[in-house]
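**Student:** Following this line is run34.cif, made up of mmCIF, C-alpha atoms:
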```
data_data
#
loop_
_atom_site.group_PDB
_atom_site.id
_atom_site.type_symbol
_atom_site.label_atom_id
_atom_site.label_comp_id
_atom_site.auth_asym_id
_atom_site.auth_seq_id
_atom_site.Cartn_x
_atom_site.Cartn_y
_atom_site.Cartn_z
ATOM 1 C CA MET A 1 9.584 -4.944 -9.553
ATOM 2 C CA ASN A 2 10.906 -8.110 -7.978
ATOM 3 C CA ILE A 3 9.029 -8.579 -4.686
ATOM 4 C CA VAL A 4 9.429 -11.289 -2.040
ATOM 5 C CA ILE A 5 6.660 -11.850 0.508
ATOM 6 C CA LEU A 6 6.888 -13.826 3.746
ATOM 7 C CA GLY A 7 3.575 -15.287 4.900
ATOM 8 C CA GLY A 8 0.754 -16.839 2.910
ATOM 9 C CA GLY A 9 -2.158 -15.922 5.181
ATOM 10 C CA ASN A 10 -4.984 -13.632 4.117
ATOM 11 C CA VAL A 11 -2.772 -10.546 4.018
ATOM 12 C CA GLY A 12 0.087 -12.200 2.147
ATOM 13 C CA ALA A 13 -2.170 -13.935 -0.359
ATOM 14 C CA ARG A 14 -4.152 -10.789 -1.158
ATOM 15 C CA LEU A 15 -0.993 -8.735 -1.405
ATOM 16 C CA ALA A 16 0.612 -11.232 -3.785
ATOM 17 C CA LYS A 17 -2.506 -11.349 -5.940
ATOM 18 C CA GLN A 18 -2.699 -7.557 -6.181
ATOM 19 C CA LEU A 19 0.990 -7.084 -6.926
ATOM 20 C CA ALA A 20 0.967 -9.786 -9.595
ATOM 21 C CA LYS A 21 -2.046 -8.076 -11.167
ATOM 22 C CA PHE A 22 0.126 -5.019 -11.733
ATOM 23 C CA GLN A 23 2.796 -7.128 -13.442
ATOM 24 C CA HIS A 24 5.264 -7.336 -10.560
ATOM 25 C CA GLN A 25 7.372 -10.475 -10.211
ATOM 26 C CA VAL A 26 6.253 -12.003 -6.910
ATOM 27 C CA THR A 27 7.770 -14.777 -4.808
ATOM 28 C CA LEU A 28 5.795 -15.914 -1.755
ATOM 29 C CA PHE A 29 7.133 -17.975 1.162
ATOM 30 C CA GLU A 30 4.625 -20.165 3.026
ATOM 31 C CA LYS A 31 5.682 -22.910 5.468
ATOM 32 C CA ASP A 32 2.382 -24.805 5.583
ATOM 33 C CA SER A 33 2.420 -27.303 2.717
ATOM 34 C CA LEU A 34 -1.345 -27.416 2.144
ATOM 35 C CA THR A 35 -1.629 -23.633 2.116
ATOM 36 C CA ALA A 36 1.375 -23.341 -0.201
ATOM 37 C CA GLN A 37 -0.103 -25.897 -2.592
ATOM 38 C CA ARG A 38 -3.426 -24.043 -2.699
ATOM 39 C CA LEU A 39 -1.806 -20.656 -3.247
ATOM 40 C CA ALA A 40 0.394 -22.035 -6.013
ATOM 41 C CA SER A 41 -2.753 -22.957 -7.928
ATOM 42 C CA GLU A 42 -4.508 -19.650 -7.242
ATOM 43 C CA LEU A 43 -1.799 -17.029 -7.644
ATOM 44 C CA ASP A 44 0.193 -15.793 -10.601
ATOM 45 C CA ALA A 45 3.296 -15.914 -8.435
ATOM 46 C CA THR A 46 6.106 -18.244 -7.427
ATOM 47 C CA VAL A 47 5.033 -19.948 -4.190
ATOM 48 C CA LEU A 48 7.773 -21.591 -2.146
ATOM 49 C CA ASN A 49 6.843 -24.129 0.531
ATOM 50 C CA ALA A 50 9.755 -23.104 2.719
ATOM 51 C CA ASP A 51 10.746 -21.062 5.761
ATOM 52 C CA GLY A 52 11.492 -17.528 4.616
ATOM 53 C CA THR A 53 13.439 -16.783 7.783
ATOM 54 C CA GLU A 54 16.210 -19.214 6.856
ATOM 55 C CA LYS A 55 19.265 -17.809 5.088
ATOM 56 C CA SER A 56 19.609 -20.687 2.619
ATOM 57 C CA ASN A 57 15.992 -20.347 1.467
ATOM 58 C CA LEU A 58 16.310 -16.604 0.951
ATOM 59 C CA LEU A 59 19.499 -17.125 -1.030
ATOM 60 C CA ASP A 60 17.757 -19.754 -3.170
ATOM 61 C CA ALA A 61 15.029 -17.192 -3.853
ATOM 62 C CA LYS A 62 17.733 -14.717 -5.002
ATOM 63 C CA ILE A 63 16.854 -12.219 -2.293
ATOM 64 C CA SER A 64 19.780 -10.010 -3.342
ATOM 65 C CA GLU A 65 17.951 -9.317 -6.604
ATOM 66 C CA SER A 66 14.710 -8.281 -4.890
ATOM 67 C CA ASP A 67 13.495 -4.701 -4.895
ATOM 68 C CA VAL A 68 11.279 -5.196 -1.849
ATOM 69 C CA PHE A 69 11.011 -7.821 0.887
ATOM 70 C CA ILE A 70 7.698 -7.772 2.784
ATOM 71 C CA ALA A 71 7.070 -9.775 5.969
ATOM 72 C CA VAL A 72 3.368 -10.134 6.792
ATOM 73 C CA THR A 73 3.143 -13.064 9.203
ATOM 74 C CA GLY A 74 1.092 -12.770 12.386
ATOM 75 C CA ASP A 75 4.215 -12.684 14.572
ATOM 76 C CA ASP A 76 6.142 -9.420 14.993
ATOM 77 C CA LYS A 77 9.369 -11.127 16.073
ATOM 78 C CA THR A 78 9.328 -13.285 12.946
ATOM 79 C CA ASN A 79 8.687 -10.287 10.722
ATOM 80 C CA LEU A 80 11.445 -8.275 12.389
ATOM 81 C CA PHE A 81 14.043 -11.030 12.127
ATOM 82 C CA ALA A 82 13.107 -11.794 8.526
ATOM 83 C CA CYS A 83 13.429 -8.153 7.473
ATOM 84 C CA GLN A 84 16.819 -7.796 9.141
ATOM 85 C CA LEU A 85 18.065 -10.983 7.489
ATOM 86 C CA ALA A 86 16.688 -9.995 4.076
ATOM 87 C CA GLU A 87 18.381 -6.603 4.307
ATOM 88 C CA LYS A 88 21.669 -8.204 5.299
ATOM 89 C CA LEU A 89 21.418 -10.539 2.286
ATOM 90 C CA GLY A 90 20.876 -7.674 -0.140
ATOM 91 C CA ALA A 91 17.163 -6.809 -0.332
ATOM 92 C CA ARG A 92 16.922 -3.177 -1.433
ATOM 93 C CA LYS A 93 13.946 -2.335 0.789
ATOM 94 C CA THR A 94 12.182 -4.089 3.653
ATOM 95 C CA MET A 95 8.600 -3.705 4.831
ATOM 96 C CA ALA A 96 6.683 -5.389 7.628
ATOM 97 C CA ARG A 97 3.235 -5.889 9.026
ATOM 98 C CA VAL A 98 3.338 -4.919 12.706
ATOM 99 C CA ASN A 99 0.592 -6.535 14.745
ATOM 100 C CA ASP A 100 1.238 -4.817 18.085
ATOM 101 C CA PRO A 101 1.089 -0.984 17.890
ATOM 102 C CA GLU A 102 3.695 -0.783 20.659
ATOM 103 C CA ASP A 103 6.231 -2.480 18.353
ATOM 104 C CA LEU A 104 5.784 0.020 15.528
ATOM 105 C CA GLU A 105 8.384 2.556 16.629
ATOM 106 C CA PHE A 106 10.973 -0.193 17.137
ATOM 107 C CA PHE A 107 10.604 -1.324 13.505
ATOM 108 C CA LEU A 108 10.827 2.255 12.251
ATOM 109 C CA ASP A 109 13.966 2.916 14.275
ATOM 110 C CA LEU A 110 15.615 -0.007 12.475
ATOM 111 C CA GLY A 111 14.781 1.457 9.075
ATOM 112 C CA ILE A 112 11.982 -0.986 8.276
ATOM 113 C CA THR A 113 8.883 0.447 6.639
ATOM 114 C CA ALA A 114 6.228 -0.736 9.082
ATOM 115 C CA ILE A 115 2.441 -0.796 8.878
ATOM 116 C CA ASN A 116 0.219 -1.442 11.867
ATOM 117 C CA THR A 117 -3.314 -2.343 10.814
ATOM 118 C CA THR A 118 -4.804 -1.202 14.121
ATOM 119 C CA SER A 119 -3.364 2.300 13.760
ATOM 120 C CA VAL A 120 -4.437 2.520 10.121
ATOM 121 C CA THR A 121 -7.965 1.352 10.936
ATOM 122 C CA VAL A 122 -8.374 3.744 13.852
ATOM 123 C CA GLY A 123 -7.043 6.602 11.742
ATOM 124 C CA ALA A 124 -9.437 5.797 8.915
ATOM 125 C CA ILE A 125 -12.413 5.687 11.293
ATOM 126 C CA GLU A 126 -11.424 8.989 12.895
ATOM 127 C CA ASP A 127 -11.020 10.545 9.462
ATOM 128 C CA SER A 128 -14.397 9.246 8.274
ATOM 129 C CA ILE A 129 -16.082 10.759 11.335
ATOM 130 C CA ARG A 130 -14.329 14.072 10.843
ATOM 131 C CA HIS A 131 -15.127 14.319 7.144
ATOM 132 C CA GLN A 132 -18.449 12.435 7.223
ATOM 133 C CA GLY A 133 -17.047 9.656 5.057
ATOM 134 C CA LYS A 134 -16.753 11.846 1.950
ATOM 135 C CA MET A 135 -12.966 11.901 1.768
ATOM 136 C CA PRO A 136 -11.525 8.625 3.067
ATOM 137 C CA GLN A 137 -7.968 8.643 4.375
ATOM 138 C CA ILE A 138 -5.717 5.886 3.105
ATOM 139 C CA ALA A 139 -2.666 6.557 5.253
ATOM 140 C CA SER A 140 -0.839 9.081 7.391
ATOM 141 C CA ILE A 141 2.690 9.995 6.360
ATOM 142 C CA ALA A 142 5.656 11.944 7.760
ATOM 143 C CA ASP A 143 4.635 11.390 11.387
ATOM 144 C CA ASP A 144 1.046 12.501 10.721
ATOM 145 C CA ARG A 145 2.125 15.761 9.065
ATOM 146 C CA GLY A 146 0.403 14.650 5.880
ATOM 147 C CA ARG A 147 -2.455 12.378 4.829
ATOM 148 C CA ILE A 148 -3.064 10.452 1.629
ATOM 149 C CA VAL A 149 -6.732 10.744 0.675
ATOM 150 C CA ARG A 150 -9.050 9.233 -1.920
ATOM 151 C CA LEU A 151 -11.308 11.653 -3.812
ATOM 152 C CA LEU A 152 -14.224 10.174 -5.759
ATOM 153 C CA LEU A 153 -15.538 12.730 -8.260
ATOM 154 C CA SER A 154 -19.330 13.022 -8.274
ATOM 155 C CA GLY A 155 -21.448 14.371 -11.097
ATOM 156 C CA GLU A 156 -21.397 17.764 -9.350
ATOM 157 C CA SER A 157 -17.614 18.036 -9.115
ATOM 158 C CA PRO A 158 -16.223 21.321 -10.512
ATOM 159 C CA ALA A 159 -13.250 19.316 -11.815
ATOM 160 C CA LEU A 160 -15.258 17.438 -14.474
ATOM 161 C CA GLY A 161 -14.125 18.224 -18.001
ATOM 162 C CA LYS A 162 -10.838 19.683 -16.776
ATOM 163 C CA LYS A 163 -7.314 18.323 -16.703
ATOM 164 C CA VAL A 164 -5.494 17.820 -13.415
ATOM 165 C CA THR A 165 -2.981 20.484 -14.451
ATOM 166 C CA ASP A 166 -5.851 22.999 -14.626
ATOM 167 C CA LEU A 167 -6.732 22.543 -10.963
ATOM 168 C CA THR A 168 -5.514 24.733 -8.093
ATOM 169 C CA PHE A 169 -5.035 21.480 -6.176
ATOM 170 C CA ALA A 170 -2.920 19.910 -8.977
ATOM 171 C CA LYS A 171 0.381 19.794 -7.070
ATOM 172 C CA ASN A 172 -1.177 17.588 -4.385
ATOM 173 C CA ILE A 173 -2.521 14.923 -6.782
ATOM 174 C CA PHE A 174 -0.216 12.013 -7.614
ATOM 175 C CA ALA A 175 -2.469 9.415 -9.299
ATOM 176 C CA ILE A 176 -5.855 8.847 -10.939
ATOM 177 C CA SER A 177 -7.791 5.593 -11.167
ATOM 178 C CA ARG A 178 -10.529 5.014 -13.729
ATOM 179 C CA GLY A 179 -12.182 1.641 -13.572
ATOM 180 C CA GLU A 180 -9.349 -0.898 -13.504
ATOM 181 C CA ARG A 181 -6.803 1.570 -14.922
ATOM 182 C CA LEU A 182 -4.317 3.559 -12.867
ATOM 183 C CA PHE A 183 -2.690 6.680 -14.294
ATOM 184 C CA LEU A 184 0.531 8.148 -12.904
ATOM 185 C CA GLU A 185 1.031 10.314 -15.987
ATOM 186 C CA TYR A 186 -2.274 12.036 -16.623
ATOM 187 C CA GLU A 187 -1.560 15.406 -18.239
ATOM 188 C CA GLU A 188 -3.740 14.606 -21.259
ATOM 189 C CA ASN A 189 -6.611 12.997 -19.347
ATOM 190 C CA THR A 190 -9.850 14.950 -18.974
ATOM 191 C CA LEU A 191 -11.512 14.212 -15.645
ATOM 192 C CA ARG A 192 -14.814 12.330 -15.657
ATOM 193 C CA GLU A 193 -17.518 11.461 -13.160
ATOM 194 C CA GLY A 194 -16.437 8.408 -11.189
ATOM 195 C CA ASP A 195 -12.713 9.117 -11.484
ATOM 196 C CA VAL A 196 -10.777 8.694 -8.255
ATOM 197 C CA LEU A 197 -7.969 11.103 -7.429
ATOM 198 C CA TYR A 198 -5.265 10.201 -4.924
ATOM 199 C CA ALA A 199 -3.744 13.203 -3.205
ATOM 200 C CA VAL A 200 -1.706 14.376 -0.240
ATOM 201 C CA VAL A 201 -3.184 16.979 2.131
ATOM 202 C CA ARG A 202 -1.146 18.732 4.811
ATOM 203 C CA ASN A 203 -3.429 21.297 6.424
ATOM 204 C CA ASP A 204 -7.031 22.470 6.735
ATOM 205 C CA ALA A 205 -6.768 24.700 3.662
ATOM 206 C CA GLU A 206 -5.749 21.756 1.481
ATOM 207 C CA VAL A 207 -8.465 19.591 3.048
ATOM 208 C CA LYS A 208 -11.029 22.224 2.028
ATOM 209 C CA LEU A 209 -9.726 22.299 -1.561
ATOM 210 C CA ALA A 210 -9.877 18.508 -1.707
ATOM 211 C CA GLU A 211 -13.441 18.422 -0.395
ATOM 212 C CA GLU A 212 -14.529 20.987 -2.986
ATOM 213 C CA LEU A 213 -13.256 18.724 -5.774
ATOM 214 C CA ILE A 214 -15.512 15.863 -4.683
ATOM 215 C CA GLY A 215 -18.603 17.846 -5.600
ATOM 216 C CA ASP A 216 -20.933 16.082 -3.177
ATOM 217 C CA LYS A 217 -23.244 18.708 -1.707
ATOM 218 C CA ASP A 218 -25.118 16.335 0.623
#
```
With the file now loaded, output its structure as structure tokens.

**Tutor:**
Amino acid sequence: MNIVILGGGNVGARLAKQLAKFQHQVTLFEKDSLTAQRLASELDATVLNADGTEKSNLLDAKISESDVFIAVTGDDKTNLFACQLAEKLGARKTMARVNDPEDLEFFLDLGITAINTTSVTVGAIEDSIRHQGKMPQIASIADDRGRIVRLLLSGESPALGKKVTDLTFAKNIFAISRGERLFLEYEENTLREGDVLYAVVRNDAEVKLAEELIGDKD
């Protein structure tokens, strides 16, 4: 995918590094010249020392050919304006980091996929307390009607030696990671200790099935 990121702070730099690792074509805007120079030497990405909220710079970066535009600066107004401009110039999808939880709904109403780190962190802490840290929540979706969870298979998991398609919980699982590998098509993979399953749970019954897969009796 062709991805354009606005903001070269910690979030933007880590995001660019991770996306480039998975072979995405990444362009990063960073206004500070020293930061841009450092990132250009560290990242496998195109780093532009320019203002990503200016139309001419976005056009130079061929924003109309981008699959996703992501604004992750520390200023909500900047992120909002940049996403609206990027969409107007042809970006297929826009995403934004929202620093103030009270701004979140405003972004969503404008069709921008918005992530507030405070809400995510609080949700993860609440989930860890509820499930004693055994089944971490990654994100809430569909207005909290569903949760994406991470299931680390222990040596006592009843899923070991089976394929995902053999599991009652199979329809909820959408990815498997094994070491540095990520599988989205896993029909032929036999599950092993240490595999991580990513799944969606919607109710207490599905939470129970997910917890049983972990196999941790402590």

**Student:** Report the distance between atom CA of Asp166 of chain A and atom CA of Val149 of chain A in Å, rounded to one decimal place.

**Tutor:**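 Interatomic distance here is 19.6 Å.
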
**Student:** May I ask which of the residues A:Glu156, A:Glu30, A:Glu185, A:Asp44 is the closest one to Asn10 of chain A, counting all atoms listed in the file?

**Tutor:**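 Looking only at the distances to Asn10 of chain A, the closest residue turns out to be A:Glu30.
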
**Student:** Which residue gives the smallest distance to Thr113 of chain A among A:Lys93, A:Lys162, A:Arg178, A:Arg38, with all atoms listed in the file counted?

**Tutor:**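 Closest candidate: A:Lys93.
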
**Student:** Rank A:Asp60, A:Asp51, A:Glu211, A:Asp109 by their smallest atom-to-atom distance to Leu197 of chain A, using all atoms listed in the file, and report the top residue only.

**Tutor:**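 Nearest to Leu197 of chain A: A:Glu211.
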
**Student:** Please, which residues are within 10 Å of (11.1, -21.5, 5.9) by the file's coordinates, counting only C-alpha atoms, and could they come as a list in words?

**Tutor:**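 Answer for this query, in the requested form: Leu6, Gly7, Phe29, Glu30, Lys31, Asp32, Leu48, Asn49, Ala50, Asp51, Gly52, Thr53, Glu54, Lys55, Ser56, Asn57 and Leu58 of chain A.
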
**Student:** Counting all atoms listed in the file, find residues at most 9 Å from (5.9, -1.0, 17.4) (file frame) and give them as a ChimeraX atom specification.

**Tutor:** /A:76,98-108,114,116

**Student:** Could you tell me how far atom CA of Ala175 of chain A lies from atom CA of Val201 of chain A, in Å and to one decimal?

**Tutor:**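 We find that atom CA of Ala175 of chain A and atom CA of Val201 of chain A lie 13.7 Å from each other.
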
**Student:** Could you state the separation of atom CA of Ile115 of chain A and atom CA of Gln25 of chain A in Å, given to one decimal place?

**Tutor:**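 These atoms are spaced 22.0 Å apart.
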
**Student:** Which one of A:Ser66, A:Asn189, A:Asn172, A:Ser33 sits closest to Arg202 of chain A if you count all atoms listed in the file?

**Tutor:**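 Result for the nearest residue to Arg202 of chain A: A:Asn172.
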
**Student:** Which of these residues is nearest to Ile141 of chain A, using all atoms listed in the file: A:Leu89, A:Val68, A:Leu167, A:Val200?

**Tutor:** A:Val200

**Student:** Residue by residue, what does the PyMOL selection byres ((chain A and resi 13-21) around 12) grab here? Present the result as a PyMOL selection string.

**Tutor:** chain A and resi 1-12+22-30+35-36+38-47+68-73+97+180-182
